[in-house]
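**Q** This is the structure I have questions about; it appears just below.
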Amino acid sequence: MRLDVVTIFPDYLAPLDLSLIGKARRDGILDVHVHDLRTFTDDRHRTVDDSPLGGGAGMVMKPEPWARALEHVVDAGASQGAPVPHLIVPGPGGVPLTQALAHELAQEPWLAFACGRYEGIDERVYEHAGERMPVTIVSLGDYVLNGGEVAVLAIVEAVGRLLPGVVGNAESLVEESHEDGLLEYPVYTRPAVWADGDVVREVPPVLLSGNHGAIAAWRHEQRLERTAARRPDLLPTSATTGALADLDVR
Ligand SMILES: N#Cc1ccccc1Cn1ccc2ccc(-c3cc(N)[nH]n3)cc21
């Protein structure tokens, strides 16, 4: 998968050189190109923003640098097995980033990301891009960031980890939160008995039983309890009025 990121803060994307995503790049699973939007300005001050027409606070990102940057991305990646990328623009008013959306994006050969700043990008950039490639505005959640870079890091991690070969053991992707509508079960490791000062904290005994059926059943029940307690909205209504309703979930 090819990823192109356009930003006025290229250094913000340095974490894409680290950990599993960094290894995926070195393994050739991900081909990441970060572009500085200021490269596509045409004035001595490398101007990317201006005051909002119609008044209002803050600044708006000018359309011309974005049009040049996106044209450069399309030209640079033309050999990707897709004529154009799917352009992802993080924004507070976008569709929510969900595990389902991450799976959809993981099927694509080429994604491009436009990182806005200030009060956002001139609306005509979305229109201009939409005439050339698919464009999706994506929100991380109902809160406001200062720009798109943090969102891109999150989206790239959520999508990249789904690509074959990125996560060592693909099984670890199965019983995660949001993969099948339930939150993940609690995890433990050694020591089985942890002397935490004068408090002794033990691991649930079933995990030491060697009874894999009992362990699987306990873990599933834990997932149901956690989901009912923290995210009842994820449960089908029948589940909350049926067996789960009797659970003492705090
Ligand atoms: N746009 C906008 C905007 C609108 C009002 C106030 C502040 C901003 C700042 N901003 C500029 C770029 C940009 C990109 C993504 C987010 C973003 C995503 C999520 N989920 N929250 N915030 C915010 C962004």
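The chains in the structure tokens are called A, B, ... from first to last as shown; in each chain the residues are counted from 1, and the ligands are counted from 1 in the order shown.
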Which residues form the shell of 8 Å around ligand 1 when you count only C-alpha atoms and all ligand atoms, given as a CSV table (one decimal) with N, CA and C atoms, in the first residue's frame?
**A**
chain,number,residue,atom,x,y,z
A,89,VAL,N,-9.3,13.1,4.3
A,89,VAL,CA,-9.1,14.4,4.9
A,89,VAL,C,-9.6,14.4,6.3
A,90,PRO,N,-8.8,14.4,7.3
A,90,PRO,CA,-9.3,14.4,8.7
A,90,PRO,C,-10.0,15.7,8.9
A,91,GLY,N,-11.1,15.6,9.7
A,91,GLY,CA,-11.9,16.8,10.0
A,91,GLY,C,-12.9,16.5,11.1
A,92,PRO,N,-13.2,17.5,11.9
A,92,PRO,CA,-14.2,17.2,13.0
A,92,PRO,C,-15.6,16.9,12.5
A,93,GLY,N,-15.8,17.3,11.2
A,93,GLY,CA,-17.2,17.0,10.7
A,93,GLY,C,-17.3,15.8,9.8
A,94,GLY,N,-16.3,14.9,9.9
A,94,GLY,CA,-16.2,13.8,9.0
A,94,GLY,C,-17.0,12.6,9.5
A,96,PRO,N,-17.1,9.0,11.2
A,96,PRO,CA,-16.3,8.5,12.3
A,96,PRO,C,-15.3,7.4,11.8
A,115,CYS,N,-3.6,17.0,5.5
A,115,CYS,CA,-3.6,17.5,6.8
A,115,CYS,C,-3.9,19.0,6.9
A,116,GLY,N,-5.1,19.3,7.3
A,116,GLY,CA,-5.4,20.7,7.4
A,116,GLY,C,-4.9,21.3,8.7
A,117,ARG,N,-4.8,22.6,8.7
A,117,ARG,CA,-4.5,23.3,9.9
A,117,ARG,C,-5.4,24.6,10.0
A,118,TYR,N,-5.1,25.5,11.0
A,118,TYR,CA,-5.8,26.7,11.1
A,118,TYR,C,-7.3,26.4,11.3
A,119,GLU,N,-8.2,27.1,10.6
A,119,GLU,CA,-9.7,26.8,10.7
A,119,GLU,C,-10.1,25.8,9.6
A,120,GLY,N,-9.2,25.3,8.9
A,120,GLY,CA,-9.5,24.3,7.9
A,120,GLY,C,-9.0,24.7,6.5
A,121,ILE,N,-9.4,23.9,5.5
A,121,ILE,CA,-9.0,24.1,4.1
A,121,ILE,C,-10.1,24.7,3.3
A,138,VAL,N,-12.7,12.3,7.4
A,138,VAL,CA,-12.8,11.3,8.5
A,138,VAL,C,-12.5,12.0,9.9
A,139,SER,N,-13.4,11.7,10.8
A,139,SER,CA,-13.3,12.3,12.2
A,139,SER,C,-12.8,11.2,13.2
A,140,LEU,N,-11.9,11.6,14.1
A,140,LEU,CA,-11.4,10.7,15.1
A,140,LEU,C,-12.5,10.6,16.2
A,141,GLY,N,-13.3,11.6,16.3
A,141,GLY,CA,-14.3,11.6,17.4
A,141,GLY,C,-14.8,13.0,17.6
A,142,ASP,N,-15.8,13.1,18.5
A,142,ASP,CA,-16.5,14.4,18.7
A,142,ASP,C,-15.7,15.3,19.6
A,143,TYR,N,-14.5,15.8,19.1
A,143,TYR,CA,-13.7,16.7,19.8
A,143,TYR,C,-12.9,17.4,18.8
A,144,VAL,N,-12.3,18.6,19.1
A,144,VAL,CA,-11.6,19.3,18.1
A,144,VAL,C,-10.1,19.3,18.3
A,145,LEU,N,-9.3,18.9,17.3
A,145,LEU,CA,-7.9,18.9,17.3
A,145,LEU,C,-7.4,20.2,16.6
A,146,ASN,N,-6.1,20.5,16.6
A,146,ASN,CA,-5.6,21.7,16.0
A,146,ASN,C,-5.3,21.5,14.5
A,147,GLY,N,-5.3,20.2,14.1
A,147,GLY,CA,-4.9,19.9,12.7
A,147,GLY,C,-5.1,18.4,12.5
A,148,GLY,N,-4.8,18.1,11.2
A,148,GLY,CA,-5.0,16.7,10.8
A,148,GLY,C,-4.0,15.7,11.1
A,149,GLU,N,-2.8,16.1,11.5
A,149,GLU,CA,-1.6,15.2,11.6
A,149,GLU,C,-1.8,14.1,12.6
A,151,ALA,N,-4.6,12.9,13.6
A,151,ALA,CA,-5.6,12.0,13.0
A,151,ALA,C,-5.0,11.0,12.0
**Q** Compile the contact shell of A:Thr227 as a VMD selection string: residues with an atom at most 12 Å away, counting only C-alpha atoms, same-chain residues fewer than 2 positions apart removed.
**A** chain A and resid 176 to 178 180 to 186 220 to 225 229 to 236 239 to 240 244 247 249 to 250
**Q** Which residue is closest to A:Arg2? Choose from A:Leu87, A:Val73, A:Leu111, A:Ala14 and count only C-alpha atoms.
**A**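 Between A:Leu87, A:Val73, A:Leu111, A:Ala14, the residue approaching A:Arg2 most closely is A:Leu111.
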**Q** Where in stretch 39-204 of chain A does DSSP assign strand (DSSP E or B), given as an MDAnalysis selection string?
**A** chainID A and resid 49:50 60:61 86:96 110:114 121 135:139 193:196 199:202
**Q** Identify, on the basis of only C-alpha atoms, every residue whose closest approach to A:Thr47 does not exceed 9 Å; exclude the query and any residue fewer than 3 positions from it along the same chain; express the result as JSON, numbers by chain.
**A** {"A": [38, 41, 42, 43, 44, 50, 62, 65]}
**Q** Quick one: residues within 10 Å of A:Leu163, only C-alpha atoms, excluding same-chain residues fewer than 2 positions away - as a list in words?
**A**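 In the requested format, the answer is Met1, Ala24, Ile29, Leu30, His103, Ala106, Gln107, Ala158, Val159, Gly160, Arg161, Gly165, Val166, Val167 and Ala170 of chain A.
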**Q** Using atom CA of A:Trp110 and atom CA of A:Asp4 as the two end points, give the distance in Å to one decimal.
**A**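 Value for the atom CA of A:Trp110-atom CA of A:Asp4 distance: 8.0 Å.
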**Q** Considering only C-alpha atoms, state which residue in the set A:Glu108, A:Asp36, A:Glu157, A:Glu71 is at the smallest distance from A:Arg132.
**A** A:Glu71
**Q** To one decimal place in Å, what is the distance between atom CA of A:Ala67 and atom CA of A:Thr136?
**A**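 Those two atoms sit 16.5 Å apart.
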